[in-house]
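start_16.tsv follows (TSV, C-alpha atoms):
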chain	number	residue	atom	x	y	z
A	1	MET	CA	-37.47	94.61	1.75
A	2	THR	CA	-41.21	94.10	1.49
A	3	SER	CA	-43.14	94.81	4.66
A	4	LEU	CA	-46.38	92.87	5.16
A	5	SER	CA	-48.50	94.15	7.98
A	6	LEU	CA	-50.98	91.79	9.63
A	7	GLU	CA	-53.94	93.94	10.58
A	8	ALA	CA	-57.04	93.18	12.61
A	9	ASN	CA	-59.27	91.21	10.27
A	10	SER	CA	-62.23	88.89	10.09
A	11	ILE	CA	-63.23	86.92	7.02
A	12	GLU	CA	-65.78	84.30	6.06
A	13	PHE	CA	-65.46	81.87	3.16
A	14	GLU	CA	-66.66	78.48	1.98
A	15	PHE	CA	-64.47	75.40	2.14
A	16	TYR	CA	-66.17	72.63	0.13
A	17	SER	CA	-69.53	74.33	0.79
A	18	GLN	CA	-68.80	74.58	4.56
A	19	LYS	CA	-68.77	78.04	6.13
A	20	VAL	CA	-65.50	79.05	7.77
A	21	ARG	CA	-65.07	82.24	9.77
A	22	LEU	CA	-61.61	83.37	10.91
A	23	SER	CA	-60.37	86.40	12.77
A	24	HIS	CA	-56.99	87.57	13.97
A	25	GLN	CA	-55.39	90.68	15.36
A	26	ALA	CA	-51.71	91.52	14.97
A	27	VAL	CA	-49.76	94.62	15.87
A	28	THR	CA	-46.37	94.26	14.21
A	29	ALA	CA	-45.15	93.72	10.66
A	30	VAL	CA	-43.65	90.70	8.97
A	31	SER	CA	-40.89	91.72	6.60
A	32	LEU	CA	-40.04	89.57	3.60
A	33	PRO	CA	-36.49	89.94	2.29
A	34	ASP	CA	-35.48	90.29	-1.35
A	35	SER	CA	-33.60	86.99	-1.05
A	36	TYR	CA	-33.72	84.25	1.56
A	37	SER	CA	-31.34	82.59	3.99
A	38	LYS	CA	-31.87	80.29	6.94
A	39	GLU	CA	-31.40	83.13	9.37
A	40	LYS	CA	-33.92	85.36	7.58
A	41	ILE	CA	-36.56	82.62	7.43
A	42	LEU	CA	-36.18	81.83	11.13
A	43	LYS	CA	-36.54	85.53	11.87
A	44	ILE	CA	-39.80	85.60	9.90
A	45	TYR	CA	-41.02	82.62	11.91
A	46	GLN	CA	-40.30	84.52	15.13
A	47	GLN	CA	-42.18	87.55	13.80
A	48	MET	CA	-45.17	85.37	13.05
A	49	GLU	CA	-45.05	84.09	16.63
A	50	GLU	CA	-45.10	87.67	17.85
A	51	ASP	CA	-47.98	88.56	15.52
A	52	SER	CA	-50.37	86.30	17.41
A	53	LEU	CA	-50.79	83.86	14.54
A	54	HIS	CA	-50.99	81.12	17.14
A	55	GLN	CA	-54.54	82.27	17.87
A	56	LEU	CA	-55.38	81.91	14.19
A	57	TRP	CA	-53.91	78.40	14.22
A	58	GLU	CA	-56.24	77.52	17.11
A	59	GLU	CA	-59.23	78.62	15.01
A	60	LEU	CA	-58.06	76.58	12.02
A	61	HIS	CA	-57.42	73.58	14.25
A	62	LEU	CA	-60.99	73.78	15.56
A	63	TYR	CA	-62.31	73.65	12.00
A	64	ARG	CA	-60.00	70.73	11.27
A	65	SER	CA	-61.54	68.84	14.19
A	66	LYS	CA	-65.08	69.88	13.28
A	67	PHE	CA	-64.75	68.70	9.66
A	68	GLN	CA	-62.46	65.75	10.57
A	69	LEU	CA	-59.89	66.70	7.96
A	70	ASN	CA	-56.80	64.62	7.28
A	71	ASP	CA	-53.44	66.37	6.86
A	72	TRP	CA	-53.82	67.06	3.13
A	73	LEU	CA	-57.31	68.55	3.49
A	74	TYR	CA	-56.14	70.59	6.46
A	75	TYR	CA	-53.32	71.94	4.29
A	76	LEU	CA	-55.86	72.95	1.63
A	77	LEU	CA	-57.87	74.74	4.32
A	78	VAL	CA	-54.73	76.58	5.47
A	79	ARG	CA	-53.87	77.62	1.91
A	80	GLN	CA	-57.38	78.88	1.26
A	81	ALA	CA	-57.37	80.73	4.56
A	82	ALA	CA	-54.10	82.44	3.59
A	83	THR	CA	-55.59	83.55	0.28
A	84	GLU	CA	-58.77	84.83	1.92
A	85	LEU	CA	-57.01	86.60	4.79
A	86	PHE	CA	-54.19	88.08	2.71
A	87	PRO	CA	-55.44	88.46	-0.88
A	88	GLU	CA	-52.78	91.06	-1.76
A	89	LYS	CA	-49.85	89.15	-0.32
A	90	SER	CA	-47.27	87.21	-2.27
A	91	GLU	CA	-47.03	83.46	-2.86
A	92	ASN	CA	-43.93	83.45	-0.66
A	93	PHE	CA	-45.92	84.88	2.21
A	94	ARG	CA	-48.64	82.28	1.82
A	95	LEU	CA	-46.01	79.52	1.83
A	96	LEU	CA	-44.47	80.90	5.00
A	97	PHE	CA	-47.93	81.13	6.56
A	98	ALA	CA	-48.67	77.50	5.61
A	99	TRP	CA	-45.29	76.35	6.97
A	100	TYR	CA	-45.99	78.07	10.28
A	101	MET	CA	-49.44	76.44	10.52
A	102	LEU	CA	-48.12	72.95	9.71
A	103	LEU	CA	-45.44	73.30	12.38
A	104	GLN	CA	-48.04	74.34	14.96
A	105	GLU	CA	-50.02	71.25	13.98
A	106	GLY	CA	-46.97	69.11	14.81
A	107	LEU	CA	-46.37	67.97	11.21
A	108	GLU	CA	-42.87	67.42	9.85
A	109	SER	CA	-42.30	70.07	7.21
A	110	ARG	CA	-39.49	72.20	5.89
A	111	LEU	CA	-38.88	75.14	3.59
A	112	TYR	CA	-36.49	75.23	0.64
A	113	TYR	CA	-35.14	78.46	-0.76
A	114	LEU	CA	-33.14	79.71	-3.72
A	115	ASN	CA	-32.56	83.43	-4.03
A	116	ASP	CA	-36.07	84.95	-3.84
A	117	LYS	CA	-37.97	81.67	-4.35
A	118	LEU	CA	-39.48	79.42	-1.67
A	119	ARG	CA	-40.81	75.84	-1.74
A	120	ILE	CA	-42.54	73.86	1.00
A	121	SER	CA	-42.22	70.10	1.56
A	122	VAL	CA	-43.65	67.64	4.07
A	123	TYR	CA	-42.26	64.31	5.20
A	124	SER	CA	-44.68	61.46	4.54
A	125	GLN	CA	-44.67	57.68	4.58
A	126	ASP	CA	-47.45	57.70	1.96
A	127	LYS	CA	-46.28	57.42	-1.64
A	128	VAL	CA	-47.63	60.24	-3.80
A	129	HIS	CA	-47.40	59.85	-7.57
A	130	SER	CA	-48.46	63.29	-8.79
A	131	LEU	CA	-46.19	65.53	-6.68
A	132	PRO	CA	-42.37	65.83	-6.66
A	133	CYS	CA	-40.92	63.40	-4.10
A	134	THR	CA	-37.45	62.75	-2.67
A	135	LYS	CA	-36.78	59.45	-0.88
A	136	ASP	CA	-35.66	59.74	2.76
A	137	ARG	CA	-35.64	57.16	5.57
A	138	ASP	CA	-38.77	55.02	5.20
A	139	GLY	CA	-40.72	57.75	3.41
A	140	TRP	CA	-40.47	60.74	1.12
A	141	TRP	CA	-40.18	64.50	1.23
A	142	VAL	CA	-43.13	65.66	-0.87
A	143	ASP	CA	-43.23	69.13	-2.44
A	144	ILE	CA	-46.72	70.54	-1.77
A	145	SER	CA	-46.07	74.07	-3.03
A	146	GLU	CA	-49.17	75.34	-4.76
A	147	GLU	CA	-47.25	77.08	-7.51
A	148	LYS	CA	-45.91	74.52	-9.97
A	149	ASN	CA	-42.33	75.20	-10.98
A	150	PRO	CA	-40.63	72.16	-12.56
A	151	LEU	CA	-37.31	73.99	-12.73
A	152	LEU	CA	-37.17	74.65	-8.99
A	153	THR	CA	-38.20	71.12	-8.03
A	154	GLN	CA	-35.21	69.77	-9.96
A	155	VAL	CA	-32.60	72.26	-8.73
A	156	THR	CA	-30.14	70.56	-6.39
A	157	ALA	CA	-28.81	73.88	-5.10
A	158	LEU	CA	-31.97	74.54	-3.09
A	159	GLN	CA	-31.13	75.18	0.56
A	160	ARG	CA	-33.43	73.99	3.32
A	161	VAL	CA	-34.75	75.20	6.65
A	162	ASP	CA	-36.02	72.62	9.11
A	163	SER	CA	-38.44	73.18	11.95
A	164	PRO	CA	-37.30	75.68	14.61
A	165	LEU	CA	-39.34	73.75	17.19
A	166	ASN	CA	-37.36	71.47	19.44
A	167	LYS	CA	-39.74	68.54	19.39
A	168	LYS	CA	-40.39	65.48	17.27
A	169	ALA	CA	-42.89	66.05	14.48
A	170	MET	CA	-45.36	63.62	12.94
A	171	PRO	CA	-45.25	62.38	9.34
A	172	PHE	CA	-47.74	64.06	7.04
A	173	ARG	CA	-50.67	61.79	6.03
A	174	PHE	CA	-52.09	61.93	2.52
A	175	ILE	CA	-54.15	58.76	2.90
A	176	MET	CA	-57.84	59.31	3.57
A	177	ASP	CA	-58.74	56.80	6.29
A	178	ASP	CA	-62.15	58.39	6.87
A	179	LEU	CA	-64.31	60.81	4.92
A	180	PRO	CA	-64.48	64.41	6.13
A	181	GLN	CA	-67.66	65.34	7.94
A	182	PHE	CA	-69.41	68.15	6.08
A	183	ASN	CA	-72.83	69.25	7.33
A	184	ARG	CA	-73.80	71.26	4.27
A	185	LYS	CA	-74.38	68.86	1.39
A	186	LYS	CA	-74.29	69.37	-2.35
A	187	VAL	CA	-75.57	66.40	-4.32
A	188	GLU	CA	-76.27	65.46	-7.90
A	189	ARG	CA	-78.68	62.72	-8.92
A	190	LYS	CA	-77.84	60.43	-11.82
A	191	LYS	CA	-79.73	57.58	-13.44
A	192	LEU	CA	-77.59	54.63	-14.48
A	193	ARG	CA	-79.23	51.97	-16.66
A	194	PHE	CA	-78.10	48.47	-17.61
A	195	GLU	CA	-79.48	45.14	-18.77
A	196	HIS	CA	-78.96	41.73	-17.21
A	197	ASN	CA	-80.56	38.44	-18.31
A	198	SER	CA	-82.94	40.34	-20.63
A	199	LEU	CA	-84.18	42.52	-17.75
A	200	ASN	CA	-83.68	46.28	-17.60
A	201	TYR	CA	-82.35	47.80	-14.38
A	202	LEU	CA	-82.16	51.39	-13.15
A	203	VAL	CA	-79.91	52.65	-10.36
A	204	GLU	CA	-80.57	56.21	-9.19
A	205	THR	CA	-77.37	57.47	-7.59
A	206	VAL	CA	-77.05	60.50	-5.32
A	207	VAL	CA	-73.45	61.65	-5.62
A	208	ASP	CA	-71.94	64.04	-3.07
A	209	LEU	CA	-70.43	66.90	-5.09
A	210	ASN	CA	-68.26	67.86	-2.14
A	211	MET	CA	-66.49	64.53	-2.59
A	212	ILE	CA	-66.10	65.09	-6.33
A	213	HIS	CA	-64.59	68.54	-5.84
A	214	LEU	CA	-62.44	67.26	-3.00
A	215	MET	CA	-60.99	64.43	-5.09
A	216	TYR	CA	-60.35	66.81	-7.98
A	217	ASN	CA	-57.86	68.59	-5.71
A	218	TYR	CA	-56.39	65.39	-4.31
A	219	PRO	CA	-52.92	64.16	-5.27
A	220	ASP	CA	-52.70	60.82	-7.03
A	221	LEU	CA	-51.90	58.05	-4.55
A	222	SER	CA	-51.49	54.37	-5.28
A	223	LEU	CA	-54.35	52.47	-6.88
A	224	THR	CA	-54.75	50.47	-3.66
A	225	GLU	CA	-55.11	53.61	-1.53
A	226	HIS	CA	-57.75	55.06	-3.86
A	227	SER	CA	-59.66	51.79	-3.55
A	228	LYS	CA	-59.91	52.31	0.23
A	229	ILE	CA	-61.80	55.61	-0.10
A	230	PRO	CA	-65.44	54.82	0.75
A	231	LEU	CA	-68.57	56.21	-0.85
A	232	SER	CA	-70.18	59.20	0.78
A	233	LYS	CA	-73.26	58.55	2.88
A	234	SER	CA	-75.60	59.82	0.16
A	235	ALA	CA	-73.98	57.70	-2.55
A	236	TYR	CA	-73.82	54.62	-0.32
A	237	GLU	CA	-77.48	54.84	0.67
A	238	SER	CA	-78.60	55.26	-2.94
A	239	VAL	CA	-76.46	52.47	-4.43
A	240	VAL	CA	-75.69	49.68	-1.96
A	241	PRO	CA	-79.26	48.96	-0.72
A	242	ALA	CA	-80.50	49.06	-4.34
A	243	PHE	CA	-78.07	46.33	-5.38
A	244	GLN	CA	-78.80	44.35	-2.24
A	245	ARG	CA	-82.49	44.30	-3.23
A	246	MET	CA	-81.67	43.33	-6.82
A	247	THR	CA	-79.45	40.42	-5.79
A	248	ARG	CA	-81.44	39.19	-2.77
A	249	ASN	CA	-82.77	36.03	-4.45
A	250	MET	CA	-79.85	35.40	-6.80
A	251	THR	CA	-77.13	32.81	-6.62
A	252	GLN	CA	-73.65	34.10	-5.95
A	253	LYS	CA	-72.66	33.77	-9.61
A	254	GLU	CA	-75.82	35.54	-10.78
A	255	ALA	CA	-75.23	38.40	-8.31
A	256	VAL	CA	-71.60	38.85	-9.38
A	257	SER	CA	-72.70	38.75	-13.03
A	258	LEU	CA	-75.26	41.50	-12.37
A	259	LEU	CA	-72.61	43.77	-10.87
A	260	LEU	CA	-70.36	43.06	-13.86
A	261	CYS	CA	-73.15	44.09	-16.23
A	262	PHE	CA	-73.64	47.30	-14.28
A	263	LEU	CA	-69.95	48.25	-14.52
A	264	ARG	CA	-69.64	47.34	-18.20
A	265	GLN	CA	-72.80	49.04	-19.45
A	266	SER	CA	-73.41	52.09	-17.27
A	267	PHE	CA	-70.25	54.01	-18.17
A	268	GLN	CA	-68.37	54.85	-21.34
A	269	TYR	CA	-64.84	53.52	-21.60
A	270	SER	CA	-62.12	56.13	-22.16
A	271	ASP	CA	-58.39	56.00	-21.64
A	272	ASP	CA	-57.07	58.56	-19.15
A	273	ASN	CA	-54.36	59.75	-21.54
A	274	ASP	CA	-57.00	60.55	-24.16
A	275	LEU	CA	-59.18	62.49	-21.71
A	276	TYR	CA	-56.70	64.06	-19.30
A	277	GLN	CA	-53.25	63.56	-20.84
A	278	ALA	CA	-52.30	61.80	-17.60
A	279	ASN	CA	-53.05	58.63	-15.66
A	280	ILE	CA	-55.72	59.47	-13.10
A	281	THR	CA	-57.28	57.02	-10.66
A	282	PHE	CA	-60.87	57.56	-9.56
A	283	SER	CA	-62.32	56.79	-6.17
A	284	PRO	CA	-65.61	54.80	-6.21
A	285	GLU	CA	-67.65	58.01	-5.97
A	286	GLU	CA	-65.86	59.60	-8.93
A	287	THR	CA	-66.55	56.59	-11.14
A	288	LEU	CA	-70.25	56.87	-10.29
A	289	PHE	CA	-70.18	60.57	-11.13
A	290	TYR	CA	-68.16	60.81	-14.32
A	291	LYS	CA	-69.51	59.72	-17.68
A	292	SER	CA	-66.30	57.92	-18.68
A	293	SER	CA	-63.90	55.63	-16.83
A	294	ASP	CA	-61.19	53.07	-17.51
A	295	CYS	CA	-60.28	49.60	-16.26
A	296	GLU	CA	-58.73	50.63	-12.94
A	297	ASP	CA	-61.61	52.97	-12.07
A	298	ARG	CA	-64.20	50.27	-12.74
A	299	SER	CA	-62.18	47.67	-10.87
A	300	ILE	CA	-62.02	49.90	-7.79
A	301	LEU	CA	-65.79	50.49	-7.81
A	302	PHE	CA	-66.48	46.82	-8.57
A	303	GLN	CA	-64.31	45.71	-5.65
A	304	TYR	CA	-66.12	48.13	-3.36
A	305	LEU	CA	-69.56	46.83	-4.42
A	306	LEU	CA	-68.50	43.19	-4.09
A	307	LYS	CA	-67.54	43.83	-0.47
A	308	GLU	CA	-70.46	46.07	0.52
A	309	VAL	CA	-73.27	44.36	-1.41
A	310	LEU	CA	-72.23	40.69	-1.42
A	311	GLY	CA	-69.63	40.54	1.36
A	312	LEU	CA	-67.09	38.88	-0.92
A	313	LYS	CA	-63.31	38.97	-0.61
A	314	CYS	CA	-61.46	40.14	-3.69
A	315	LEU	CA	-58.09	41.24	-5.05
A	316	LEU	CA	-57.04	44.00	-7.39
A	317	ILE	CA	-54.84	42.50	-10.11
A	318	ARG	CA	-52.61	44.30	-12.60
A	319	TYR	CA	-51.75	42.66	-15.94
A	320	GLY	CA	-49.32	45.01	-17.67
A	321	ASN	CA	-51.49	48.03	-18.51
A	322	HIS	CA	-54.76	46.36	-17.50
A	323	VAL	CA	-56.31	46.25	-14.02
A	324	THR	CA	-59.02	43.79	-13.06
A	325	VAL	CA	-60.51	41.98	-10.04
A	326	ALA	CA	-60.25	38.41	-8.74
A	327	VAL	CA	-63.03	37.24	-6.43
A	328	GLU	CA	-63.23	34.46	-3.84
A	329	MET	CA	-66.39	32.56	-4.85
A	330	ASP	CA	-68.03	29.30	-3.80
A	331	GLN	CA	-66.83	27.79	-7.08
A	332	VAL	CA	-63.63	28.37	-9.07
A	333	TYR	CA	-64.09	29.66	-12.62
A	334	GLY	CA	-61.34	29.58	-15.23
A	335	LYS	CA	-57.69	29.68	-14.21
A	336	PRO	CA	-57.64	30.93	-10.60
A	337	ILE	CA	-55.37	33.40	-8.80
A	338	PHE	CA	-53.95	31.91	-5.59
A	339	ARG	CA	-53.16	33.88	-2.45
A	340	ASP	CA	-52.57	32.48	1.04
A	341	GLY	CA	-54.10	29.14	0.07
A	342	THR	CA	-57.29	30.73	-1.30
A	343	SER	CA	-58.47	30.55	-4.92
A	344	TYR	CA	-59.83	33.68	-6.60
A	345	SER	CA	-61.67	33.76	-9.94
A	346	ILE	CA	-61.10	36.56	-12.45
A	347	CYS	CA	-64.15	38.82	-12.87
A	348	ASP	CA	-63.32	41.56	-15.36
A	349	PRO	CA	-65.58	44.66	-15.08
A	350	THR	CA	-64.19	46.34	-18.20
A	351	GLY	CA	-65.06	44.01	-21.01
A	352	PRO	CA	-64.36	45.00	-23.83
A	353	ASP	CA	-68.01	43.97	-24.15
A	354	ASP	CA	-70.57	42.40	-21.85
A	355	ASN	CA	-70.06	38.87	-23.13
A	356	LEU	CA	-66.89	38.04	-21.22
A	357	PRO	CA	-67.75	35.26	-18.76
A	358	ILE	CA	-66.53	34.98	-15.19
A	359	GLY	CA	-63.11	33.34	-15.08
A	360	GLN	CA	-61.84	34.79	-18.38
A	361	LEU	CA	-59.58	37.72	-19.21
A	362	PRO	CA	-59.88	39.97	-22.27
A	363	SER	CA	-57.98	38.58	-25.26
A	364	TYR	CA	-55.45	41.42	-25.21
A	365	VAL	CA	-54.22	40.51	-21.68
A	366	ASP	CA	-51.24	38.22	-21.08
A	367	PRO	CA	-52.42	35.90	-18.26
A	368	ALA	CA	-48.88	34.91	-17.26
A	369	ASP	CA	-47.72	38.37	-16.17
A	370	TYR	CA	-49.67	39.76	-13.21
A	371	GLU	CA	-49.26	41.56	-9.90
A	372	ILE	CA	-51.54	41.43	-6.88
A	373	LEU	CA	-51.98	45.03	-5.73
A	374	ASN	CA	-53.74	44.63	-2.38
Please lay out the structure from this file as structure tokens.
Amino acid sequence: MTSLSLEANSIEFEFYSQKVRLSHQAVTAVSLPDSYSKEKILKIYQQMEEDSLHQLWEELHLYRSKFQLNDWLYYLLVRQAATELFPEKSENFRLLFAWYMLLQEGLESRLYYLNDKLRISVYSQDKVHSLPCTKDRDGWWVDISEEKNPLLTQVTALQRVDSPLNKKAMPFRFIMDDLPQFNRKKVERKKLRFEHNSLNYLVETVVDLNMIHLMYNYPDLSLTEHSKIPLSKSAYESVVPAFQRMTRNMTQKEAVSLLLCFLRQSFQYSDDNDLYQANITFSPEETLFYKSSDCEDRSILFQYLLKEVLGLKCLLIRYGNHVTVAVEMDQVYGKPIFRDGTSYSICDPTGPDDNLPIGQLPSYVDPADYEILN
């Protein structure tokens, strides 16, 4: 048996540049067994109740409210708190701590165990592509264990422990409906240049590095969900008004063409598999920040700018391995995409060069095989 004593403690750390201060006082010991069973795990839960961890949950919950964190970001805060409070403790202890905190938050979660190994999963109705998922009801059980262990996530002999609380829990939300509210800002300024109709343009962006770091630790959701993540206040105020000024006296077609030039010229094109050995979808802010992007990243940012700068309705369209945008305009260009009686014209922000006119797809795309994503 390993005995882990929770002593009076107070720590301060930074969570995405925000200061967090936590304190707790406990008088008994939590004992971790050499191997796990349902009975042993429930006993540990009871010991955590007796060790006044509920007070620590109240402190974490206050920070969640202050920063307006969704469930995933709250979980990251809990995991960092466990590491800061108990730096010498085991991964199993930190998982048990996180499980306890999620249950106090009213989120549907469970532990899995096999011999001396533990895993933690949450029930969610949001599809996550980069974490192990098991279909159940109208959602999935998603393994959010910090330690990656492909063997354990595939073992069918894992036993589970559900919540000991006798009340209905809420599904875990991965989707980011609103940006977190961080008072301490970290920004980086970038100059993005492009040419349109023989005129040179400069957009000076102010990217929120908190958002970049946050998205780096975010699981990969659907392309549509990533497209819903808005720009930070600093990025929005540096980009959207600038394009509104540029396009103020332009026709609709000229304004859309200017945004296309910006997307095609201001960033290098790179395939995700070449850069990251995986398919990664950027939020609009990430595309502004990173030097390289691909078709889906540019399409997401393009769609965002069309809505915020020009107030235009648009669709994300997938053609095989290519993603592009179709826009509702005052005139139809090329072969339109129809949805709900409305015609949308293809406007491809990727290229391959800047000569592709509105209404046309790149030559390597099969126009007959497409899917509307949003």
What separation in Å, quoted to one decimal, exists between atom CA of Ile229 of chain A and atom CA of Asp177 of chain A?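 Atom-to-atom, atom CA of Ile229 of chain A to atom CA of Asp177 of chain A, that is 7.2 Å.
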Expected axis-aligned box over every listed atom of segment 288-297 of chain A, 5 Å added per side, centre plus edges in Å to one decimal, as lines of an AutoDock Vina configuration file:
center_x = -64.5
center_y = 55.2
center_z = -14.5
size_x = 21.5
size_y = 21.2
size_z = 18.4
Residues near segment 94-111 of chain A, anyone? I mean within 7 Å using all atoms listed in the file, not counting same-chain ones fewer than 3 positions away, as a PyMOL selection string. chain A and resi 45+57+78-79+82+90-91+118-123+160-163+169-172
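The two atoms in question, atom CA of Thr350 of chain A and atom CA of Ser222 of chain A, are spaced 19.8 Å apart.
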Closest to Arg264 of chain A among A:Ile280, A:Met48, A:Leu312, A:Leu192, using only C-alpha atoms? A:Leu192
Between atom CA of Leu221 of chain A and atom CA of Phe174 of chain A, measure the distance and give it in Å to one decimal.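 Value for the atom CA of Leu221 of chain A-atom CA of Phe174 of chain A distance: 8.1 Å.
In terms of minimum interatomic distance to Leu202 of chain A, A:Gln265 ranks closest within A:Ser257, A:Asn355, A:Thr281, A:Gln265, counting all atoms listed in the file.
The smallest atom-to-atom distance between Phe13 of chain A and any of A:Gln80, A:Thr324, A:Gln47, A:Trp141, using all atoms listed in the file, is found for A:Gln80.
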Nearest to Ser345 of chain A: which of A:Val365, A:Glu88, A:Leu315, A:Gln268 is it, counting all atoms listed in the file? A:Leu315
Name the closest residue to Met329 of chain A among the candidates A:Asp369, A:Phe282, A:Pro362, A:Ala255; distances are taken between atoms, counting all atoms listed in the file.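 When distances to Met329 of chain A are compared using all atoms listed in the file, the smallest one comes from A:Ala255.
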Using only C-alpha atoms, which protein or nucleic acid residues come within 10 Å of segment 197-200 of chain A? Drop anything in the same chain fewer than 4 positions from it, and give the result as a list in words.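 Returned residues: Arg193, Glu254, Ser257, Leu258 and Cys261 of chain A.
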